[in-house]
Each structure stands twice: as structure tokens, then as C-alpha cells.
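Have a look at start_15.tsv below; it lists TSV, C-alpha atoms and all ligand atoms.
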chain	number	residue	atom	x	y	z
A	223	GLN	CA	-27.34	133.39	-142.47
A	224	THR	CA	-26.11	132.94	-146.02
A	225	LEU	CA	-28.39	131.97	-148.83
A	226	LYS	CA	-26.83	129.80	-151.53
A	227	ILE	CA	-28.29	130.88	-154.84
A	228	GLY	CA	-27.91	128.50	-157.78
A	229	LEU	CA	-27.63	130.71	-160.84
A	230	LEU	CA	-28.56	128.75	-163.95
A	231	PHE	CA	-27.31	130.18	-167.23
A	232	GLY	CA	-26.38	129.34	-170.80
A	233	GLY	CA	-28.82	126.68	-171.90
A	234	GLN	CA	-29.83	124.85	-175.03
A	235	SER	CA	-31.70	127.63	-176.78
A	236	GLY	CA	-30.76	130.17	-179.42
A	237	GLU	CA	-30.64	132.73	-176.63
A	238	HIS	CA	-27.60	131.10	-174.97
A	239	GLU	CA	-25.43	134.17	-175.48
A	240	VAL	CA	-28.04	136.56	-174.10
A	241	SER	CA	-28.32	134.35	-171.05
A	242	LEU	CA	-24.57	134.72	-170.41
A	243	VAL	CA	-24.97	138.49	-170.30
A	244	SER	CA	-28.13	138.36	-168.15
A	245	ALA	CA	-26.43	135.97	-165.69
A	246	LYS	CA	-23.35	138.14	-165.33
A	247	SER	CA	-25.51	141.13	-164.42
A	248	ILE	CA	-27.61	139.08	-162.01
A	249	ALA	CA	-24.50	137.63	-160.31
A	250	GLN	CA	-23.24	141.18	-159.77
A	251	GLY	CA	-26.65	142.31	-158.53
A	252	LEU	CA	-26.98	139.45	-156.07
A	253	GLY	CA	-23.38	139.99	-154.95
A	254	GLN	CA	-24.34	143.37	-153.44
A	255	ASN	CA	-26.18	141.66	-150.60
A	256	PRO	CA	-23.86	139.90	-148.10
A	257	ARG	CA	-26.68	137.41	-147.45
A	258	ASN	CA	-26.27	135.95	-150.92
A	259	GLN	CA	-23.71	133.41	-152.00
A	260	VAL	CA	-23.95	132.87	-155.76
A	261	MET	CA	-23.24	129.36	-157.07
A	262	PRO	CA	-23.15	129.47	-160.87
A	263	PHE	CA	-24.26	126.47	-162.93
A	264	TYR	CA	-23.48	126.77	-166.61
A	265	ILE	CA	-25.64	124.75	-169.00
A	266	GLN	CA	-23.68	124.05	-172.17
A	267	LYS	CA	-25.28	124.36	-175.60
A	268	ASP	CA	-25.65	120.55	-175.63
A	269	GLY	CA	-27.62	120.70	-172.37
A	270	VAL	CA	-24.90	119.31	-170.07
A	271	TRP	CA	-24.63	121.06	-166.69
A	272	CYS	CA	-21.24	122.17	-165.33
A	273	ASP	CA	-20.08	122.41	-161.72
A	274	PRO	CA	-19.78	125.84	-160.06
A	275	GLU	CA	-15.97	126.10	-160.37
A	276	ARG	CA	-15.97	125.63	-164.12
A	277	SER	CA	-19.18	127.61	-164.49
A	278	LEU	CA	-17.60	130.60	-162.78
A	279	ASN	CA	-14.93	130.74	-165.49
A	280	VAL	CA	-17.59	130.84	-168.20
A	281	LEU	CA	-19.60	133.46	-166.30
A	282	GLU	CA	-16.54	135.70	-166.02
A	283	ALA	CA	-15.32	135.13	-169.58
A	284	GLY	CA	-18.85	135.75	-170.87
A	285	LYS	CA	-18.61	133.45	-173.88
A	286	PRO	CA	-20.00	129.99	-174.64
A	287	GLU	CA	-17.75	127.03	-173.90
A	288	GLN	CA	-17.83	123.29	-174.34
A	289	ILE	CA	-16.16	121.98	-171.19
A	290	ASP	CA	-17.76	118.59	-170.64
A	291	ASN	CA	-17.90	116.37	-173.73
A	292	SER	CA	-19.65	113.45	-172.05
A	293	GLY	CA	-22.89	114.38	-173.79
A	294	GLN	CA	-24.67	113.18	-170.66
A	295	PHE	CA	-26.92	115.14	-168.38
A	296	LYS	CA	-26.10	114.79	-164.71
A	297	LEU	CA	-26.75	117.05	-161.78
A	298	PRO	CA	-23.43	118.39	-160.40
A	299	ALA	CA	-23.01	117.32	-156.74
A	300	ALA	CA	-22.96	120.98	-155.66
A	301	ALA	CA	-26.61	121.29	-156.72
A	302	ASN	CA	-27.57	119.66	-153.42
A	303	GLU	CA	-26.20	122.66	-151.52
A	304	VAL	CA	-28.40	125.19	-153.30
A	305	ASP	CA	-31.05	126.93	-151.17
A	306	VAL	CA	-32.83	128.73	-154.00
A	307	TRP	CA	-32.45	128.55	-157.77
A	308	PHE	CA	-32.30	131.55	-160.09
A	309	PRO	CA	-32.85	130.49	-163.71
A	310	ALA	CA	-31.34	133.14	-165.97
A	311	LEU	CA	-32.24	131.20	-169.10
A	312	HIS	CA	-34.19	132.38	-172.11
A	313	GLY	CA	-36.14	130.48	-174.74
A	314	PRO	CA	-36.95	126.78	-175.10
A	315	ASN	CA	-35.49	124.46	-172.41
A	316	GLY	CA	-35.16	127.33	-169.98
A	317	GLU	CA	-38.07	129.74	-170.14
A	318	ASP	CA	-40.70	127.20	-171.15
A	319	GLY	CA	-41.36	125.23	-167.96
A	320	THR	CA	-38.94	122.36	-168.58
A	321	VAL	CA	-36.24	123.57	-166.19
A	322	GLN	CA	-38.94	124.84	-163.83
A	323	GLY	CA	-40.39	121.31	-163.68
A	324	MET	CA	-37.02	119.90	-162.71
A	325	LEU	CA	-36.48	122.52	-160.01
A	326	GLN	CA	-39.98	121.80	-158.72
A	327	LEU	CA	-39.11	118.10	-158.44
A	328	MET	CA	-35.91	119.02	-156.60
A	329	GLN	CA	-38.23	120.62	-154.02
A	330	LYS	CA	-36.27	123.84	-153.83
A	331	PRO	CA	-37.63	127.34	-154.33
A	332	TYR	CA	-36.83	128.96	-157.66
A	333	VAL	CA	-37.10	132.47	-159.00
A	334	GLY	CA	-39.80	133.38	-161.47
A	335	ASN	CA	-42.67	131.63	-163.08
A	336	GLY	CA	-43.74	128.08	-162.40
A	337	VAL	CA	-44.25	125.28	-164.90
A	338	LEU	CA	-47.67	126.33	-166.16
A	339	ALA	CA	-47.03	130.04	-166.71
A	340	SER	CA	-43.64	129.31	-168.28
A	341	ALA	CA	-45.06	126.75	-170.71
A	342	VAL	CA	-48.01	128.92	-171.67
A	343	GLY	CA	-45.84	132.03	-172.05
A	344	MET	CA	-43.63	130.21	-174.55
A	345	ASP	CA	-46.56	128.98	-176.63
A	346	LYS	CA	-48.11	131.79	-178.63
A	347	VAL	CA	-51.22	129.78	-179.52
A	348	LEU	CA	-52.12	128.91	-175.92
A	349	MET	CA	-51.04	132.31	-174.64
A	350	LYS	CA	-53.42	134.05	-177.03
A	351	ALA	CA	-56.25	131.70	-176.12
A	352	LEU	CA	-55.81	132.65	-172.46
A	353	PHE	CA	-55.57	136.36	-173.29
A	354	ALA	CA	-58.83	136.07	-175.26
A	355	GLN	CA	-60.40	134.30	-172.30
A	356	ALA	CA	-59.33	137.20	-170.06
A	357	GLY	CA	-60.94	139.67	-172.46
A	358	LEU	CA	-57.67	141.29	-173.55
A	359	ALA	CA	-57.69	142.95	-176.96
A	360	GLN	CA	-55.22	141.49	-179.43
A	361	VAL	CA	-54.59	141.20	-183.18
A	362	LYS	CA	-56.61	138.74	-185.26
A	363	TYR	CA	-54.79	135.45	-185.75
A	364	VAL	CA	-54.98	131.97	-187.19
A	365	ALA	CA	-53.39	128.95	-185.49
A	366	LEU	CA	-52.14	126.26	-187.84
A	367	SER	CA	-50.30	122.95	-187.52
A	368	ARG	CA	-47.86	121.66	-190.10
A	369	TRP	CA	-50.11	118.67	-190.66
A	370	GLN	CA	-53.22	120.79	-191.27
A	371	TRP	CA	-51.28	122.99	-193.67
A	372	GLN	CA	-49.84	120.07	-195.61
A	373	GLN	CA	-53.31	118.59	-196.08
A	374	GLU	CA	-54.94	121.65	-197.63
A	375	PRO	CA	-52.39	124.38	-198.30
A	376	GLU	CA	-54.50	126.36	-200.79
A	377	GLU	CA	-57.52	126.37	-198.48
A	378	TRP	CA	-55.39	127.71	-195.65
A	379	TYR	CA	-53.86	130.45	-197.79
A	380	GLU	CA	-57.34	131.57	-198.80
A	381	HIS	CA	-58.56	131.43	-195.22
A	382	ILE	CA	-55.58	133.51	-194.04
A	383	GLU	CA	-56.02	136.04	-196.84
A	384	THR	CA	-59.73	136.56	-196.17
A	385	THR	CA	-59.52	136.64	-192.35
A	386	LEU	CA	-56.21	138.48	-191.89
A	387	GLY	CA	-55.07	139.94	-195.21
A	388	TYR	CA	-51.57	141.32	-195.87
A	389	PRO	CA	-49.22	142.15	-194.36
A	390	CYS	CA	-49.33	139.36	-191.83
A	391	PHE	CA	-46.76	137.81	-189.51
A	392	VAL	CA	-45.97	134.10	-189.51
A	393	LYS	CA	-44.43	132.79	-186.28
A	394	PRO	CA	-43.43	129.44	-184.79
A	395	ALA	CA	-45.71	128.86	-181.79
A	396	ASN	CA	-42.87	128.11	-179.36
A	397	LEU	CA	-39.94	130.47	-179.68
A	398	GLY	CA	-38.65	133.93	-178.86
A	399	SER	CA	-36.16	136.61	-179.95
A	400	SER	CA	-38.07	136.86	-183.26
A	401	VAL	CA	-36.44	133.62	-184.47
A	402	GLY	CA	-38.39	132.06	-187.35
A	403	ILE	CA	-40.74	135.07	-187.67
A	404	SER	CA	-41.49	136.58	-191.10
A	405	LYS	CA	-43.54	139.53	-192.23
A	406	VAL	CA	-45.27	138.59	-195.48
A	407	ARG	CA	-46.95	140.65	-198.17
A	408	ASP	CA	-48.22	138.12	-200.70
A	409	ARG	CA	-49.04	134.47	-201.19
A	410	SER	CA	-45.60	133.30	-202.27
A	411	GLN	CA	-44.07	134.93	-199.20
A	412	LEU	CA	-46.78	133.40	-197.07
A	413	GLU	CA	-45.95	129.94	-198.37
A	414	ALA	CA	-42.22	130.42	-197.81
A	415	ALA	CA	-42.82	131.82	-194.32
A	416	ILE	CA	-44.96	128.86	-193.26
A	417	HIS	CA	-42.24	126.55	-194.60
A	418	SER	CA	-39.70	128.40	-192.51
A	419	ALA	CA	-41.78	128.64	-189.32
A	420	THR	CA	-42.78	124.96	-189.42
A	421	SER	CA	-39.11	124.03	-189.56
A	422	TYR	CA	-38.79	125.45	-186.04
A	423	ASP	CA	-42.07	124.17	-184.64
A	424	PRO	CA	-44.85	121.96	-186.02
A	425	ARG	CA	-47.33	124.54	-184.74
A	426	VAL	CA	-47.40	128.08	-186.07
A	427	ILE	CA	-49.45	131.21	-185.67
A	428	ILE	CA	-50.27	133.77	-188.33
A	429	GLU	CA	-51.27	137.25	-187.21
A	430	GLN	CA	-52.74	140.30	-188.87
A	431	GLY	CA	-49.98	142.90	-189.19
A	432	VAL	CA	-50.59	146.20	-187.43
A	433	THR	CA	-48.84	149.54	-187.72
A	434	ALA	CA	-48.20	150.38	-184.12
A	435	ARG	CA	-45.81	151.63	-181.49
A	436	GLU	CA	-44.21	148.89	-179.37
A	437	ILE	CA	-44.83	149.35	-175.67
A	438	GLU	CA	-43.56	147.20	-172.80
A	439	CYS	CA	-44.50	146.96	-169.15
A	440	ALA	CA	-42.79	144.97	-166.38
A	441	VAL	CA	-44.70	143.01	-163.77
A	442	LEU	CA	-43.29	141.92	-160.39
A	443	GLY	CA	-44.93	139.94	-157.61
A	444	ASN	CA	-46.81	136.78	-156.79
A	445	GLU	CA	-50.38	137.13	-155.64
A	446	GLN	CA	-50.55	140.93	-155.78
A	447	PRO	CA	-48.38	141.70	-158.78
A	448	LYS	CA	-47.40	145.30	-159.53
A	449	ALA	CA	-46.90	146.95	-162.90
A	450	SER	CA	-43.91	149.20	-163.59
A	451	ILE	CA	-43.61	152.46	-165.45
A	452	VAL	CA	-44.26	151.87	-169.15
A	453	GLY	CA	-41.51	151.86	-171.80
A	454	GLU	CA	-41.28	152.00	-175.57
A	455	ILE	CA	-38.96	150.46	-178.14
A	456	THR	CA	-38.16	152.26	-181.36
A	457	TYR	CA	-36.00	151.06	-184.24
A	458	ASN	CA	-35.30	151.73	-187.86
A	459	SER	CA	-35.94	148.34	-189.40
A	460	ASP	CA	-39.06	146.76	-190.88
A	461	PHE	CA	-39.94	145.10	-187.58
A	462	TYR	CA	-38.28	144.19	-184.29
A	463	ASP	CA	-36.45	141.17	-185.69
A	464	TYR	CA	-33.50	139.21	-184.30
A	465	GLU	CA	-30.86	141.49	-185.79
A	466	THR	CA	-32.58	144.64	-184.50
A	467	LYS	CA	-32.89	143.12	-181.04
A	468	TYR	CA	-29.28	142.07	-180.66
A	469	THR	CA	-27.23	144.53	-182.69
A	470	PRO	CA	-26.20	147.33	-180.34
A	471	GLY	CA	-27.51	150.67	-181.53
A	472	MET	CA	-30.27	149.32	-183.75
A	473	ALA	CA	-33.06	149.84	-181.21
A	474	ASP	CA	-33.70	152.48	-178.57
A	475	LEU	CA	-35.50	152.21	-175.25
A	476	HIS	CA	-37.60	155.13	-174.08
A	477	ILE	CA	-38.53	155.22	-170.42
A	478	PRO	CA	-41.11	156.41	-169.68
A	479	ALA	CA	-42.95	156.08	-172.99
A	480	GLN	CA	-44.57	159.33	-174.06
A	481	LEU	CA	-48.21	158.28	-174.00
A	482	PRO	CA	-51.53	159.77	-172.94
A	483	GLU	CA	-52.19	159.00	-169.28
A	484	THR	CA	-55.21	156.85	-170.13
A	485	VAL	CA	-53.11	154.69	-172.45
A	486	THR	CA	-50.40	154.22	-169.82
A	487	GLN	CA	-53.04	153.20	-167.31
A	488	ALA	CA	-54.63	150.76	-169.77
A	489	VAL	CA	-51.23	149.19	-170.49
A	490	GLN	CA	-50.51	148.72	-166.78
A	491	ASP	CA	-53.93	147.21	-166.10
A	492	MET	CA	-53.64	144.89	-169.08
A	493	ALA	CA	-50.11	143.86	-168.04
A	494	ILE	CA	-51.38	142.68	-164.67
A	495	ALA	CA	-54.41	141.00	-166.23
A	496	ALA	CA	-52.13	139.16	-168.69
A	497	PHE	CA	-49.81	138.06	-165.88
A	498	GLU	CA	-52.78	136.70	-163.98
A	499	ALA	CA	-54.29	135.10	-167.09
A	500	VAL	CA	-51.23	132.86	-167.49
A	501	ALA	CA	-50.96	132.23	-163.71
A	502	GLY	CA	-47.71	134.18	-163.55
A	503	SER	CA	-45.48	134.49	-160.52
A	504	GLY	CA	-42.29	136.40	-159.82
A	505	LEU	CA	-41.77	138.35	-162.99
A	506	GLY	CA	-42.99	138.93	-166.51
A	507	ARG	CA	-42.57	141.51	-169.24
A	508	VAL	CA	-45.76	142.19	-171.11
A	509	ASP	CA	-45.46	143.61	-174.62
A	510	PHE	CA	-48.07	145.65	-176.45
A	511	PHE	CA	-48.91	147.28	-179.74
A	512	TYR	CA	-50.28	150.79	-179.40
A	513	VAL	CA	-52.16	151.68	-182.59
A	514	GLU	CA	-52.01	155.44	-182.40
A	515	ALA	CA	-54.43	156.03	-185.30
A	516	SER	CA	-57.29	154.35	-183.41
A	517	SER	CA	-55.84	154.84	-179.91
A	518	MET	CA	-56.07	151.07	-179.38
A	519	VAL	CA	-53.89	149.05	-177.06
A	520	LEU	CA	-53.43	145.44	-178.18
A	521	ILE	CA	-51.54	142.86	-176.17
A	522	ASN	CA	-48.77	141.08	-178.07
A	523	GLU	CA	-47.20	138.69	-175.61
A	524	ILE	CA	-45.86	137.96	-172.15
A	525	ASN	CA	-42.25	136.94	-171.70
A	526	THR	CA	-41.84	134.95	-168.52
A	527	LEU	CA	-38.04	135.27	-168.33
A	528	PRO	CA	-37.31	138.54	-170.09
A	529	GLY	CA	-33.82	139.76	-170.97
A	530	PHE	CA	-32.09	140.66	-167.73
A	531	THR	CA	-28.85	142.43	-168.63
A	532	SER	CA	-28.16	145.74	-166.93
A	533	THR	CA	-29.40	147.50	-170.09
A	534	SER	CA	-32.48	145.31	-170.68
A	535	MET	CA	-35.99	146.74	-170.63
A	536	TYR	CA	-37.21	144.69	-167.65
A	537	PRO	CA	-34.69	145.92	-165.04
A	538	LYS	CA	-34.63	149.40	-166.62
A	539	LEU	CA	-38.38	149.74	-166.14
A	540	TRP	CA	-38.05	148.84	-162.47
A	541	GLU	CA	-35.11	151.18	-162.04
A	542	ALA	CA	-37.31	153.99	-163.36
A	543	SER	CA	-40.04	152.83	-160.98
A	544	GLY	CA	-37.66	153.11	-157.99
A	545	ILE	CA	-36.24	149.59	-157.64
A	546	SER	CA	-32.52	149.33	-158.34
A	547	PHE	CA	-31.06	146.37	-160.21
A	548	HIS	CA	-29.66	144.69	-157.09
A	549	ASP	CA	-32.86	145.30	-155.11
A	550	LEU	CA	-34.80	143.73	-157.96
A	551	CYS	CA	-32.60	140.61	-157.81
A	552	ASP	CA	-33.17	140.36	-154.06
A	553	ARG	CA	-36.92	140.88	-154.39
A	554	LEU	CA	-37.13	138.08	-156.94
A	555	VAL	CA	-35.32	135.75	-154.55
A	556	ASP	CA	-37.68	136.78	-151.73
A	557	LEU	CA	-40.69	136.15	-153.97
A	558	ALA	CA	-39.32	132.68	-154.76
A	559	LEU	CA	-38.97	131.89	-151.06
A	560	GLU	CA	-42.45	133.27	-150.36
A	561	ARG	CA	-44.08	131.19	-153.10
A	562	HIS	CA	-42.29	128.03	-151.99
A	563	LYS	CA	-43.94	128.12	-148.55
A	564	PRO	CA	-46.46	125.30	-148.21
A	565	ILE	CA	-50.04	126.52	-148.07
A	566	VAL	CA	-51.73	125.38	-144.85
A	601	LIG	P1	-40.96	137.11	-180.01
A	601	LIG	O1	-41.62	136.31	-178.93
A	601	LIG	O2	-39.98	136.30	-180.78
A	601	LIG	O3	-40.42	138.41	-179.49
A	601	LIG	P2	-43.15	138.65	-181.18
A	601	LIG	O4	-44.50	138.06	-181.33
A	601	LIG	O5	-42.97	139.62	-180.08
A	601	LIG	O6	-42.11	137.45	-181.07
A	601	LIG	O7	-42.76	139.34	-182.55
A	601	LIG	C1	-41.49	139.95	-182.74
A	601	LIG	C2	-41.65	141.31	-183.38
A	601	LIG	O8	-42.32	141.19	-184.65
A	601	LIG	C3	-42.52	142.29	-182.63
A	601	LIG	O9	-41.79	142.93	-181.61
A	601	LIG	C4	-42.96	143.24	-183.74
A	601	LIG	O10	-41.92	144.13	-184.13
A	601	LIG	C5	-43.18	142.29	-184.90
A	601	LIG	N1	-44.57	141.82	-184.92
A	601	LIG	C6	-44.98	140.62	-184.47
A	601	LIG	N2	-46.30	140.45	-184.64
A	601	LIG	C7	-46.76	141.57	-185.23
A	601	LIG	C8	-48.05	142.02	-185.69
A	601	LIG	N3	-49.12	141.23	-185.58
A	601	LIG	N4	-48.14	143.26	-186.25
A	601	LIG	C9	-47.04	144.04	-186.35
A	601	LIG	N5	-45.81	143.68	-185.93
A	601	LIG	C10	-45.65	142.47	-185.39
A	602	MG	MG	-41.47	136.53	-176.85
A	603	MG	MG	-41.54	139.87	-178.58

Please express what this file holds, its structure, as C-alpha cells.
Amino acid sequence: QTLKIGLLFGGQSGEHEVSLVSAKSIAQGLGQNPRNQVMPFYIQKDGVWCDPERSLNVLEAGKPEQIDNSGQFKLPAAANEVDVWFPALHGPNGEDGTVQGMLQLMQKPYVGNGVLASAVGMDKVLMKALFAQAGLAQVKYVALSRWQWQQEPEEWYEHIETTLGYPCFVKPANLGSSVGISKVRDRSQLEAAIHSATSYDPRVIIEQGVTAREIECAVLGNEQPKASIVGEITYNSDFYDYETKYTPGMADLHIPAQLPETVTQAVQDMAIAAFEAVAGSGLGRVDFFYVEASSMVLINEINTLPGFTSTSMYPKLWEASGISFHDLCDRLVDLALERHKPIV
């Protein structure tokens, strides 16, 4: 029996292009199993959905296109044929629970995290509150809204300087791919960084800067999630910013990360605890800072729809853990079907 898989890609976020690459890899992965029939649905940058025929052209060409200029959202008729959805979308309006909510209302199973985990995973303020609740070690931080900041800017600068010090990182609460993030070293940079971050999101987070190795662990599963082998990212820039992430050759993946066994174990345990703290299901990539000087593992974030190209960390970690790319795609579909079953 064939399974019609609605592959959602593109999307309204800054990670549209990455999504095109992820989706192409996933379509190839799913294509290995004769059970699967992939139906691509391209979401244009303006949010309009395209039918599978036109979407297939975009998927194969691998570059953004504006096909439908109606400016109006409508569900293509073919959406009714889909048995299970596979959102291969990153960032706001894709990874943040909005699309998940729509798929939930359509009453069809979908791959990956549900509404709650997706929304929390995209919001650094709420994510950190839940990590704290779960007892996970993390950097010191201050949450700030644009309104609070505009009322008493000087008081906030002083508060940030005394509680966090420099360098610190200023980030929009709801974003990814390092967009809107600045590393700041003095008050004038702090001011400029808050200006910049609040232009992306009225809520921001400011974190104490740490000197650390960047470690990532993949999680797969629903109720009994498993952690993968642990990986590390190295790069030659000031921090893992947008350019470093998306310019080929600027960052290197190391799998497995060369770490003491106790650290690897701590990372894997914390990855599962983080996944559970946000009520994750399906998949998640949990990112850490390993402060070698003090041998401390700090959680940075969970990404509920991590990059999924054939060279991305998430599938690479599973490959190293014994699950090939196409098996991983199938397992995610199976997990979606399993989760969708009504509880009796
Ligand atoms: P995103 O969700 O956009 O990936 P992150 O919170 O992961 O945002 O930050 C992006 C990058 O910025 C990190 O991978 C790291 O290189 C750097 N960074 C962020 N926060 C800190 C911090 N508190 N200390 C040191 N480096 C940081
Ligand atoms: Mg992120
Ligand atoms: Mg990150």
C-alpha cells in the first residue's frame, strides 16, 4: 500500500533556501522506499502554497520561485490526498508551531514536533525557562521586551552589565540561523545590538558570553527518545554566525566529537532531558557549549526542525549512529503515524 507523503518546503522565513536543500535530500531519501509516494508542496516566500506539479519543478531546480502571484493563501486540492505530512521548513512560520497547528486541524499525521514543542523551541525565552525548570545548566541570561527597554534603557544596561558583563550575546527571542544575533563588548555595542534584535522581535534575550566548544546531539523518537553519537562544530570566525553557517567551507563538522566519555554521556542525557522538557516528539537537535576550562556542559538550545540536507549535522549524527539517511526519513514518517494514533 502506498503512502502519500506531503513534503512541505520553502516557506516564509529567512531559511527558505536551506529548506529547498533539505527538502530535496528528504525527497530522495523517501524515494528509496517503494511504499512512499512523495507529493511536494512548495510554499513561496509570500506564504502562498503551490500544487505538487509546480512544486516539483521548484524542488528539482532548487531555487526560490514566485509562481502564483495571487497573494492569497489557499490549500491546493491535492492536499486532500496526503496521508502524512513532512514539514521540511525552518524558522518562523514553519518550525514554530504555526504550520503544525494547521496540519493538526487537517487531522492528518505529520512528521516531527507538535504545536507546543515547536513554539517553545523557537522562543529562546520560554525554552530557557523550561530548561531551568528541568534543572539543565545553561548560561546566565536576561529576558527583555522592547517596551521594558524603551522605558528605562540606562537601568537595563546597568542590570545587564552587573549580572552578565561583557562579552554578551543579544538575540531576538524568536529566530534561528543566527539572524539578528550580536556579540557585544561594551555599552554602545549593547545599545546598537538591542536596537537590531528588537527590529526582528519585540522580545529579546541577552546572554553571558562563554568561551566554549560547540557540541550537538540528535534526538529521535516519541515517548522513548534516543540520543545519537555526539558531534562538534568548529569554525574560524568570532562566533557561529549566519555567514559561517551557510558559506561552504567556513565550518567543519566532527563526528564523533573528541570528548571525555563522561562529557559525551552528560551531553546525551541532557539532550534527552531537553527534548522531554519541551514535550518534543519525532526529532530535535540539541546544541551545547562545552566549557573545557571548567569541564562544564551548558545547554544552548533545541532546534525542533534542524537542517536536514545530506551534509547537515542531524542526519550525519544518525548516520554515524547506524541509521542511514533514507532509514531516518522512514523512521520519522513511522513516528508521525505512531503519534497520530488516538489514545484509548
Ligand atoms: P540560533 O538559534 O540562531 O542558532 P544560537 O543561540 O544558537 O542561535 O546562537 C548562535 C551562535 O552564537 C552559537 O552557535 C554560538 O556560536 C554563538 N553564541 C550564542 N550564544 C552564546 C553565548 N552565550 N556564549 C558564546 N557564544 C554564543
Ligand atoms: Mg536555533
Ligand atoms: Mg544555534

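Candidate residues A:Gly504, A:Gly313, A:Gly319, A:Pro262 were compared for distance to ligand MG 603 (chain A), and the nearest is A:Gly313, using all atoms listed in the file.
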
Practice prompt. Around ligand LIG 601 (chain A), at most 6 Å away and counting all atoms listed in the file, which residues are there? Put them as a PyMOL selection string, please.
Written response: chain A and resi 361+391+397-401+429-433+461-463

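Using all atoms listed in the file, the shortest contact distance between Gln294 (chain A) and any of A:Val270, A:Ala310, A:Ala414, A:Ala515 is found at A:Val270.
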
Item to complete: Considering all atoms listed in the file, state which residue in the set A:Val306, A:Glu376, A:Met472, A:Ala501 is at the smallest distance from Val337 (chain A).
Response: A:Ala501

Fill in: Residues within 12 Å of ligand MG 603 (chain A), counting all atoms listed in the file, as a ChimeraX atom specification
/A:313,343-344,346,393,396-401,403,436-438,455,461-464,466-467,507-511,521-529,535

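With only C-alpha atoms as the atoms that count, the minimum distance from Ser543 (chain A) to the choices A:Ala499, A:Gly506, A:Gly453, A:Leu386 is reached by A:Gly453.
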
Worksheet entry | Interatomic distance (Å, one decimal) between CA of Asn335 (chain A) and CA of Leu505 (chain A) |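 CA of Leu505 (chain A) lies 6.8 Å from CA of Asn335 (chain A).
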
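Taking CA of Arg435 (chain A) as the reference point, CA of Leu348 (chain A) is found at 24.2 Å.
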
Practice prompt. Rounded to one decimal place, report the CA of Leu559 (chain A)-CA of Asp345 (chain A) distance in Å.
Written response: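 Those two atoms sit 26.8 Å apart.
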
Worksheet item: Quick one: of A:Arg409, A:Lys267, A:His312, A:Lys563, who's nearest to ligand MG 602 (chain A), counting all atoms listed in the file?
Response: A:His312

Discussion item. If we count all atoms listed in the file and set the cut-off at 8 Å, which residues sit around Val347 (chain A), ignoring sequence neighbours fewer than 5 positions away in its own chain? Please answer as a list in words.
Written reply: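 The residues satisfying every condition are Ala365, Ala395, Val426 and Ile427 of chain A.
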
How about saving the chosen residues, C-alpha atoms kept, as a tab-separated table (two decimals), keeping the file's coordinate frame?
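Final output, saved to selection_11.tsv:
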chain	number	residue	atom	x	y	z
A	365	ALA	CA	-53.39	128.95	-185.49
A	395	ALA	CA	-45.71	128.86	-181.79
A	426	VAL	CA	-47.40	128.08	-186.07
A	427	ILE	CA	-49.45	131.21	-185.67
